[in-house]
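Colleague: This is the content of final.tsv (TSV, C-alpha atoms):
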```tsv
chain	number	residue	atom	x	y	z
A	9	MET	CA	100.21	182.16	55.19
A	10	THR	CA	97.19	181.87	57.44
A	11	SER	CA	96.24	183.89	60.47
A	12	GLU	CA	97.60	181.07	62.62
A	13	LEU	CA	101.16	181.69	61.44
A	14	SER	CA	103.57	183.61	63.58
A	15	SER	CA	104.51	187.09	62.38
A	16	THR	CA	108.13	185.93	62.10
A	17	GLY	CA	107.71	182.62	60.33
A	18	ALA	CA	105.89	179.35	59.92
A	19	ARG	CA	104.21	177.51	62.75
A	20	LYS	CA	105.85	174.60	64.51
A	21	TYR	CA	104.18	171.21	64.83
A	22	VAL	CA	104.44	168.39	67.34
A	23	LEU	CA	103.95	164.73	66.44
A	24	PHE	CA	103.51	162.26	69.29
A	25	ASP	CA	103.93	158.54	69.43
A	26	VAL	CA	101.19	157.02	71.61
A	27	ASP	CA	102.08	153.84	73.52
A	28	GLY	CA	104.99	154.50	75.85
A	29	THR	CA	104.92	158.24	75.11
A	30	LEU	CA	101.43	159.45	76.05
A	31	ILE	CA	99.79	156.22	77.25
A	32	ASP	CA	101.50	153.93	79.74
A	33	ALA	CA	100.69	150.63	78.04
A	34	VAL	CA	103.89	148.63	78.47
A	35	ALA	CA	102.38	146.21	80.98
A	36	ASN	CA	99.32	145.80	78.75
A	37	GLN	CA	101.42	145.03	75.69
A	38	ARG	CA	103.46	142.50	77.63
A	39	ARG	CA	100.29	140.75	78.88
A	40	VAL	CA	98.70	140.67	75.43
A	41	TRP	CA	101.79	139.20	73.81
A	42	ALA	CA	102.23	136.70	76.67
A	43	THR	CA	98.67	135.46	76.22
A	44	TRP	CA	99.16	135.24	72.47
A	45	ALA	CA	102.45	133.37	72.86
A	46	ARG	CA	100.94	130.80	75.22
A	47	ARG	CA	98.17	130.09	72.70
A	48	TYR	CA	100.86	129.02	70.25
A	49	GLY	CA	103.03	127.18	72.77
A	50	LEU	CA	105.78	129.81	72.60
A	51	ASP	CA	107.95	131.42	75.25
A	52	PRO	CA	106.30	134.76	76.20
A	53	ALA	CA	109.58	136.50	77.05
A	54	GLU	CA	111.22	135.55	73.75
A	55	VAL	CA	108.16	136.58	71.73
A	56	TYR	CA	107.92	139.93	73.49
A	57	GLN	CA	111.57	140.75	72.79
A	58	VAL	CA	110.93	140.24	69.06
A	59	ALA	CA	107.63	142.16	69.18
A	60	LEU	CA	109.38	145.18	70.68
A	61	ARG	CA	111.48	145.55	67.54
A	62	THR	CA	109.10	144.57	64.74
A	63	ARG	CA	105.57	144.96	63.44
A	64	PRO	CA	103.21	142.05	64.19
A	65	MET	CA	103.44	140.34	60.79
A	66	GLU	CA	107.24	140.48	61.01
A	67	THR	CA	107.07	139.12	64.56
A	68	PHE	CA	104.99	136.14	63.42
A	69	ALA	CA	107.46	135.38	60.65
A	70	VAL	CA	110.25	135.15	63.23
A	71	VAL	CA	108.56	133.41	66.17
A	72	ALA	CA	105.90	131.32	64.39
A	73	PRO	CA	107.00	130.82	60.79
A	74	ASP	CA	104.87	127.70	60.34
A	75	GLU	CA	101.62	129.35	61.44
A	76	ASP	CA	99.13	131.19	59.25
A	77	PRO	CA	100.09	134.86	59.77
A	78	ARG	CA	96.49	136.00	59.17
A	79	ALA	CA	95.24	133.74	61.95
A	80	CYS	CA	98.06	134.96	64.18
A	81	LEU	CA	97.08	138.56	63.51
A	82	ALA	CA	93.39	137.89	64.12
A	83	ALA	CA	94.21	136.31	67.49
A	84	LEU	CA	96.42	139.26	68.43
A	85	HIS	CA	93.77	141.80	67.40
A	86	GLU	CA	91.16	139.99	69.49
A	87	LEU	CA	93.41	140.20	72.55
A	88	GLU	CA	94.28	143.86	71.95
A	89	ASP	CA	90.65	144.87	71.49
A	90	HIS	CA	89.75	143.10	74.72
A	91	ASP	CA	92.54	144.99	76.48
A	92	VAL	CA	91.24	148.34	75.22
A	93	ARG	CA	87.87	147.60	76.78
A	94	TYR	CA	88.95	145.96	80.03
A	95	GLY	CA	92.68	146.48	80.60
A	96	GLU	CA	94.03	148.82	83.23
A	97	TYR	CA	96.34	151.59	82.04
A	98	SER	CA	96.78	155.34	82.38
A	99	ALA	CA	98.12	158.41	80.66
A	100	PHE	CA	101.60	159.50	81.60
A	101	ASP	CA	101.84	162.35	84.06
A	102	GLY	CA	101.36	165.64	82.24
A	103	ALA	CA	99.91	164.15	79.04
A	104	GLY	CA	96.43	165.63	79.40
A	105	GLU	CA	97.75	169.03	80.45
A	106	LEU	CA	100.24	169.10	77.59
A	107	LEU	CA	97.79	168.16	74.84
A	108	ALA	CA	95.19	170.62	76.14
A	109	ALA	CA	97.76	173.41	76.04
A	110	LEU	CA	98.80	172.83	72.42
A	111	PRO	CA	96.96	174.94	69.83
A	112	ALA	CA	94.48	173.01	67.69
A	113	GLY	CA	95.88	172.04	64.32
A	114	CYS	CA	99.54	172.09	65.38
A	115	TRP	CA	99.87	168.53	66.67
A	116	GLY	CA	99.04	164.97	65.72
A	117	LEU	CA	99.53	161.32	66.63
A	118	VAL	CA	101.67	158.76	64.82
A	119	THR	CA	101.19	155.23	66.11
A	120	SER	CA	101.93	151.66	65.11
A	121	ASN	CA	98.61	150.73	66.71
A	122	TYR	CA	95.16	151.17	65.15
A	123	GLU	CA	92.93	154.22	65.38
A	124	HIS	CA	89.98	152.55	67.13
A	125	ARG	CA	92.27	151.37	69.94
A	126	VAL	CA	93.85	154.79	70.31
A	127	ARG	CA	90.44	156.41	70.48
A	128	GLY	CA	89.30	153.84	73.03
A	129	ARG	CA	92.30	154.43	75.27
A	130	PHE	CA	92.10	158.20	74.92
A	131	ALA	CA	88.42	158.15	75.83
A	132	ARG	CA	89.14	156.12	78.95
A	133	THR	CA	92.05	158.34	80.04
A	134	GLY	CA	90.45	161.66	79.11
A	135	LEU	CA	93.01	162.64	76.48
A	136	PRO	CA	91.88	164.72	73.48
A	137	VAL	CA	92.16	163.21	70.01
A	138	PRO	CA	93.61	165.54	67.33
A	139	GLN	CA	92.41	165.89	63.76
A	140	VAL	CA	95.52	164.14	62.43
A	141	LEU	CA	96.05	160.54	63.53
A	142	VAL	CA	98.29	158.30	61.43
A	143	ASP	CA	97.86	154.65	62.44
A	144	ALA	CA	99.10	151.28	61.16
A	145	GLY	CA	96.30	151.13	58.62
A	146	CYS	CA	97.36	154.37	56.94
A	147	VAL	CA	100.76	153.23	55.68
A	148	GLU	CA	102.41	150.29	53.97
A	149	GLU	CA	105.69	150.94	55.78
A	150	GLY	CA	105.71	151.42	59.54
A	151	LYS	CA	108.39	152.75	61.86
A	152	PRO	CA	111.40	152.88	61.51
A	153	SER	CA	110.46	153.97	57.98
A	154	PRO	CA	109.99	157.75	57.72
A	155	VAL	CA	106.67	157.23	55.92
A	156	PRO	CA	104.33	157.54	58.97
A	157	TYR	CA	105.81	160.82	60.17
A	158	LEU	CA	106.01	162.28	56.67
A	159	LEU	CA	102.34	161.45	56.12
A	160	ALA	CA	101.38	163.14	59.39
A	161	ALA	CA	103.33	166.26	58.43
A	162	ARG	CA	101.64	166.36	55.03
A	163	ARG	CA	98.20	166.07	56.62
A	164	LEU	CA	99.05	168.94	58.95
A	165	GLY	CA	100.35	171.03	56.06
A	166	ALA	CA	103.77	171.15	57.71
A	167	GLU	CA	107.33	170.96	56.45
A	168	PRO	CA	109.36	168.21	58.12
A	169	ARG	CA	111.90	170.76	59.35
A	170	ASP	CA	109.13	172.45	61.34
A	171	CYS	CA	108.11	169.26	63.16
A	172	LEU	CA	109.10	167.90	66.55
A	173	VAL	CA	108.70	164.16	67.11
A	174	VAL	CA	108.20	162.95	70.70
A	175	GLU	CA	109.03	159.25	71.04
A	176	ASP	CA	110.08	156.60	73.54
A	177	ALA	CA	111.37	153.80	71.31
A	178	PRO	CA	114.39	153.40	69.01
A	179	SER	CA	112.28	152.55	65.94
A	180	GLY	CA	110.21	155.70	66.39
A	181	VAL	CA	113.28	157.86	66.92
A	182	GLU	CA	114.81	156.48	63.73
A	183	SER	CA	111.54	157.08	61.87
A	184	GLY	CA	111.43	160.74	62.91
A	185	ARG	CA	115.09	161.37	62.12
A	186	ARG	CA	114.79	159.76	58.69
A	187	ALA	CA	111.82	162.06	58.06
A	188	GLY	CA	114.11	165.04	58.64
A	189	MET	CA	112.47	166.10	61.91
A	190	THR	CA	113.72	167.09	65.34
A	191	VAL	CA	113.30	164.10	67.67
A	192	TRP	CA	113.12	164.09	71.47
A	193	GLY	CA	113.03	160.98	73.63
A	194	VAL	CA	110.92	160.70	76.78
A	195	ASN	CA	109.97	158.24	79.54
A	196	ALA	CA	113.25	156.39	79.73
A	197	PRO	CA	116.07	156.52	82.29
A	198	ALA	CA	118.72	156.60	79.54
A	199	PRO	CA	118.71	158.46	76.20
A	200	VAL	CA	117.28	156.63	73.21
A	201	PRO	CA	120.08	156.39	70.61
A	202	GLY	CA	119.64	159.04	67.93
A	203	ALA	CA	117.34	161.36	69.86
A	204	HIS	CA	118.37	165.01	69.76
A	205	ARG	CA	117.31	165.55	73.37
A	206	HIS	CA	116.41	163.26	76.25
A	207	PHE	CA	113.88	163.71	79.05
A	208	ARG	CA	113.35	161.14	81.78
A	209	THR	CA	109.61	161.86	81.85
A	210	LEU	CA	106.97	163.47	79.68
A	211	ARG	CA	106.29	165.94	82.50
A	212	GLU	CA	109.92	167.05	82.39
A	213	ALA	CA	109.68	167.59	78.63
A	214	MET	CA	106.37	169.46	78.71
A	215	PRO	CA	107.62	173.07	79.00
A	216	GLU	CA	110.17	172.49	76.25
A	217	ILE	CA	107.56	170.92	73.95
A	218	LEU	CA	105.23	173.89	74.46
A	219	ALA	CA	108.12	176.28	73.81
A	220	PHE	CA	108.93	174.47	70.56
A	221	ALA	CA	105.30	174.69	69.44
A	222	ALA	CA	105.35	178.44	69.98
A	223	ARG	CA	108.65	178.97	68.19
A	224	ALA	CA	108.85	180.57	64.74
A	225	ARG	CA	111.19	179.36	62.03
A	226	GLY	CA	113.09	182.64	62.06
A	227	THR	CA	114.03	182.21	65.73
A	228	ARG	CA	114.84	178.50	65.78
A	229	PRO	CA	118.16	177.74	67.45
A	230	ALA	CA	120.69	175.38	66.00
A	231	GLU	CA	119.68	171.74	66.26
A	232	PRO	CA	121.48	170.02	69.16
A	233	GLU	CA	123.71	167.05	68.68
A	234	PRO	CA	122.13	163.60	69.16
A	235	ALA	CA	122.21	162.35	72.72
A	236	ALA	CA	124.92	159.85	73.48
```
As structure tokens, how would this structure be written, given the file I've shared?
Modeller:
Amino acid sequence: MTSELSSTGARKYVLFDVDGTLIDAVANQRRVWATWARRYGLDPAEVYQVALRTRPMETFAVVAPDEDPRACLAALHELEDHDVRYGEYSAFDGAGELLAALPAGCWGLVTSNYEHRVRGRFARTGLPVPQVLVDAGCVEEGKPSPVPYLLAARRLGAEPRDCLVVEDAPSGVESGRRAGMTVWGVNAPAPVPGAHRHFRTLREAMPEILAFAARARGTRPAEPEPAA
């Protein structure tokens, strides 16, 4: 045990998804995919619906099976990097306050995006970047695989049972649950299937997230049933 551990048990840890959870980037993602789709003569709405559920290489295999997936990915990366520099987006209400209030070393980021884009967006929105950031380049299997969240827990020195995952999307919720973690959904009018708790906004969830981070294993209440 370190001096950072509670006198009654192990520390708790919080793992955040980024896009849709801390950064409001839905409109940006839609624009990027629409531009990409038009380059390949595809329907933007249909492409975006696939992209919401899959990683880019899987998306290309579905919507553009005859195209070179490496060229498709290069075009997408070019558009995403341009968006990081020039796109308009913001942090969700409460994000900066929440991250600043969490003790250093007890939280991290788990994203399907890439680290340089996360750092670019965080710099522009004033959000702090933690020591642990698991991005798409860190893992062979992305969400909904449990691998990204398990890797983040290992880098934090945390047991999965001591981790809270904060997500907005079904694939991320499934990833956290398969990793054996508590999962809360935010920033959606209806509960994400599988989430243990649901909050309409990140601001609404903030006091509960901070309370979880301060909780010791010996005082943890029973895990709630998944939201309907």
Colleague: From the set A:Glu216, A:Asp25, A:Glu175, A:Asp89, which residue has the shortest atom-to-atom contact distance to Pro201 of chain A, counting all atoms listed in the file?
Modeller: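 For Pro201 of chain A, the nearest of the given residues is A:Glu175.
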Colleague: Report the closest atom pair, with its distance in Å rounded to one decimal, for each residue of segment 152-221 of chain A that has an atom no farther than 10 Å from segment 30-54 of chain A; count all atoms listed in the file, sort by chain and then rising residue number, and write it as JSON lines.
Modeller:
```
{"residue": "A:Val174", "atom": "CA", "partner": "A:Leu30", "partner_atom": "CA", "distance": 9.3}
{"residue": "A:Glu175", "atom": "CA", "partner": "A:Leu30", "partner_atom": "CA", "distance": 9.1}
{"residue": "A:Asp176", "atom": "CA", "partner": "A:Leu30", "partner_atom": "CA", "distance": 9.4}
{"residue": "A:Val194", "atom": "CA", "partner": "A:Leu30", "partner_atom": "CA", "distance": 9.6}
{"residue": "A:Asn195", "atom": "CA", "partner": "A:Leu30", "partner_atom": "CA", "distance": 9.3}
{"residue": "A:Leu210", "atom": "CA", "partner": "A:Leu30", "partner_atom": "CA", "distance": 7.7}
```
Colleague: Determine the nearest neighbour of Glu96 of chain A from the options A:Val147, A:Arg129, A:Val173, A:Ser179, counting all atoms listed in the file.
Modeller: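 Ranking A:Val147, A:Arg129, A:Val173, A:Ser179 by distance to Glu96 of chain A, first place goes to A:Arg129.
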Colleague: With only C-alpha atoms as the basis for distance, which of A:Pro73, A:Ser120, A:Glu105, A:Arg127 is at the shortest distance from Arg93 of chain A?
Modeller: A:Arg127
Colleague: For a cut-off of 6 Å around (110.5, 157.3, 57.2), file coordinates, pick out all residues using only C-alpha atoms and list them as an MDAnalysis selection string.
Modeller: chainID A and resid 153:155 183 186:187
Colleague: For Gly184 of chain A, work out the shell of residues within 12 Å, counting only C-alpha atoms and skipping chain neighbours fewer than 3 positions away, then give it as a PyMOL selection string.
Modeller: chain A and resi 22-25+118+150-161+168-169+171-181+187-193+202-204
Colleague: So which one's closest to Glu149 of chain A, A:His90, A:Arg19, A:Glu66, A:Leu110? Using all atoms listed in the file, please.
Modeller: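 Of A:His90, A:Arg19, A:Glu66, A:Leu110, the one nearest Glu149 of chain A, counting all atoms listed in the file, is A:Glu66.
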Colleague: So how far away is atom CA of Cys146 of chain A from atom CA of Leu218 of chain A, in Å?
Modeller: 27.4 Å
Colleague: Would you mind reading off the distance between atom CA of Leu106 of chain A and atom CA of Glu182 of chain A, one decimal, in Å?
Modeller: 23.7 Å
Colleague: For Ala69 of chain A, find every residue with an atom within 12 Å (counting only C-alpha atoms), except residues of its own chain fewer than 4 positions away, and show them as a list in words.
Modeller: Val55, Val58, Ala59, Thr62, Arg63, Pro64, Met65, Pro73, Asp74, Glu75, Asp76, Pro77, Arg78, Cys80 and Leu81 of chain A
Colleague: Interatomic distance between atom CA of Glu212 of chain A and atom CA of Ala196 of chain A?
Modeller: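 Answer for the atom CA of Glu212 of chain A to atom CA of Ala196 of chain A separation: 11.5 Å.
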Colleague: What would the list of residues within 7 Å of (94.5, 168.8, 69.6) (file frame) look like as a tab-separated table (two decimals) with C-alpha atoms, in the coordinates of the input, if only C-alpha atoms are what count?
Modeller:
```
chain	number	residue	atom	x	y	z
A	107	LEU	CA	97.79	168.16	74.84
A	108	ALA	CA	95.19	170.62	76.14
A	110	LEU	CA	98.80	172.83	72.42
A	111	PRO	CA	96.96	174.94	69.83
A	112	ALA	CA	94.48	173.01	67.69
A	113	GLY	CA	95.88	172.04	64.32
A	115	TRP	CA	99.87	168.53	66.67
A	136	PRO	CA	91.88	164.72	73.48
A	137	VAL	CA	92.16	163.21	70.01
A	138	PRO	CA	93.61	165.54	67.33
A	139	GLN	CA	92.41	165.89	63.76
```
Colleague: Find the residue from A:Val126, A:Val92, A:Leu87, A:Ala131 that sits nearest to Ala144 of chain A; use all atoms listed in the file when measuring.
Modeller: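 Closest to Ala144 of chain A, using all atoms listed in the file: A:Val126.
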Colleague: Counting all atoms listed in the file, which residue out of A:Gly134, A:Val140, A:Ala72, A:Asp27 sits closest to Arg163 of chain A?
Modeller: A:Val140
Colleague: Would you kindly place N, CA, C and O atoms on segment 134-157 of chain A and return the model as a CSV table (one decimal), in the frame of the given file?
Modeller:
```
chain,number,residue,atom,x,y,z
A,134,GLY,N,90.8,160.2,79.2
A,134,GLY,CA,90.4,161.7,79.1
A,134,GLY,C,91.3,162.5,78.2
A,134,GLY,O,91.3,163.7,78.3
A,135,LEU,N,92.1,161.9,77.4
A,135,LEU,CA,93.0,162.6,76.5
A,135,LEU,C,92.3,163.1,75.2
A,135,LEU,O,91.4,162.3,74.7
A,136,PRO,N,92.5,164.3,74.7
A,136,PRO,CA,91.9,164.7,73.5
A,136,PRO,C,92.5,164.1,72.3
A,136,PRO,O,93.7,163.8,72.2
A,137,VAL,N,91.7,163.8,71.3
A,137,VAL,CA,92.2,163.2,70.0
A,137,VAL,C,92.3,164.3,69.0
A,137,VAL,O,91.3,165.0,68.7
A,138,PRO,N,93.4,164.5,68.3
A,138,PRO,CA,93.6,165.5,67.3
A,138,PRO,C,93.0,165.2,66.0
A,138,PRO,O,92.5,164.0,65.8
A,139,GLN,N,93.0,166.1,65.1
A,139,GLN,CA,92.4,165.9,63.8
A,139,GLN,C,93.3,164.9,63.0
A,139,GLN,O,92.8,164.1,62.2
A,140,VAL,N,94.6,165.0,63.2
A,140,VAL,CA,95.5,164.1,62.4
A,140,VAL,C,96.0,163.0,63.3
A,140,VAL,O,96.6,163.2,64.4
A,141,LEU,N,95.7,161.8,62.8
A,141,LEU,CA,96.0,160.5,63.5
A,141,LEU,C,96.5,159.5,62.5
A,141,LEU,O,95.7,159.0,61.7
A,142,VAL,N,97.8,159.3,62.4
A,142,VAL,CA,98.3,158.3,61.4
A,142,VAL,C,98.5,157.0,62.2
A,142,VAL,O,99.3,156.9,63.1
A,143,ASP,N,97.8,155.9,61.8
A,143,ASP,CA,97.9,154.6,62.4
A,143,ASP,C,98.4,153.6,61.5
A,143,ASP,O,98.8,153.9,60.4
A,144,ALA,N,98.5,152.4,62.0
A,144,ALA,CA,99.1,151.3,61.2
A,144,ALA,C,98.4,151.0,59.9
A,144,ALA,O,99.0,150.6,58.9
A,145,GLY,N,97.1,151.4,59.8
A,145,GLY,CA,96.3,151.1,58.6
A,145,GLY,C,96.5,152.2,57.6
A,145,GLY,O,96.0,152.0,56.4
A,146,CYS,N,97.2,153.3,57.9
A,146,CYS,CA,97.4,154.4,56.9
A,146,CYS,C,98.6,154.2,56.0
A,146,CYS,O,98.7,154.9,55.0
A,147,VAL,N,99.5,153.3,56.4
A,147,VAL,CA,100.8,153.2,55.7
A,147,VAL,C,101.1,151.8,55.4
A,147,VAL,O,100.8,150.9,56.1
A,148,GLU,N,101.9,151.6,54.3
A,148,GLU,CA,102.4,150.3,54.0
A,148,GLU,C,103.7,150.0,54.8
A,148,GLU,O,104.0,148.9,55.1
A,149,GLU,N,104.4,151.1,55.0
A,149,GLU,CA,105.7,150.9,55.8
A,149,GLU,C,105.5,151.6,57.1
A,149,GLU,O,105.2,152.8,57.2
A,150,GLY,N,105.8,150.9,58.2
A,150,GLY,CA,105.7,151.4,59.5
A,150,GLY,C,107.1,151.9,60.0
A,150,GLY,O,108.1,151.8,59.3
A,151,LYS,N,107.1,152.4,61.2
A,151,LYS,CA,108.4,152.8,61.9
A,151,LYS,C,109.3,151.5,61.9
A,151,LYS,O,108.8,150.4,62.1
A,152,PRO,N,110.6,151.7,61.6
A,152,PRO,CA,111.4,152.9,61.5
A,152,PRO,C,111.4,153.6,60.2
A,152,PRO,O,112.2,154.5,60.0
A,153,SER,N,110.6,153.2,59.2
A,153,SER,CA,110.5,154.0,58.0
A,153,SER,C,110.0,155.4,58.3
A,153,SER,O,109.2,155.6,59.2
A,154,PRO,N,110.4,156.4,57.5
A,154,PRO,CA,110.0,157.8,57.7
A,154,PRO,C,108.6,158.0,57.2
A,154,PRO,O,108.0,159.1,57.5
A,155,VAL,N,108.0,157.0,56.6
A,155,VAL,CA,106.7,157.2,55.9
A,155,VAL,C,105.6,157.7,56.9
A,155,VAL,O,104.8,158.7,56.6
A,156,PRO,N,105.4,157.1,58.1
A,156,PRO,CA,104.3,157.5,59.0
A,156,PRO,C,104.5,159.0,59.4
A,156,PRO,O,103.5,159.7,59.4
A,157,TYR,N,105.7,159.4,59.7
A,157,TYR,CA,105.8,160.8,60.2
A,157,TYR,C,105.7,161.8,59.0
A,157,TYR,O,105.2,162.9,59.1
```
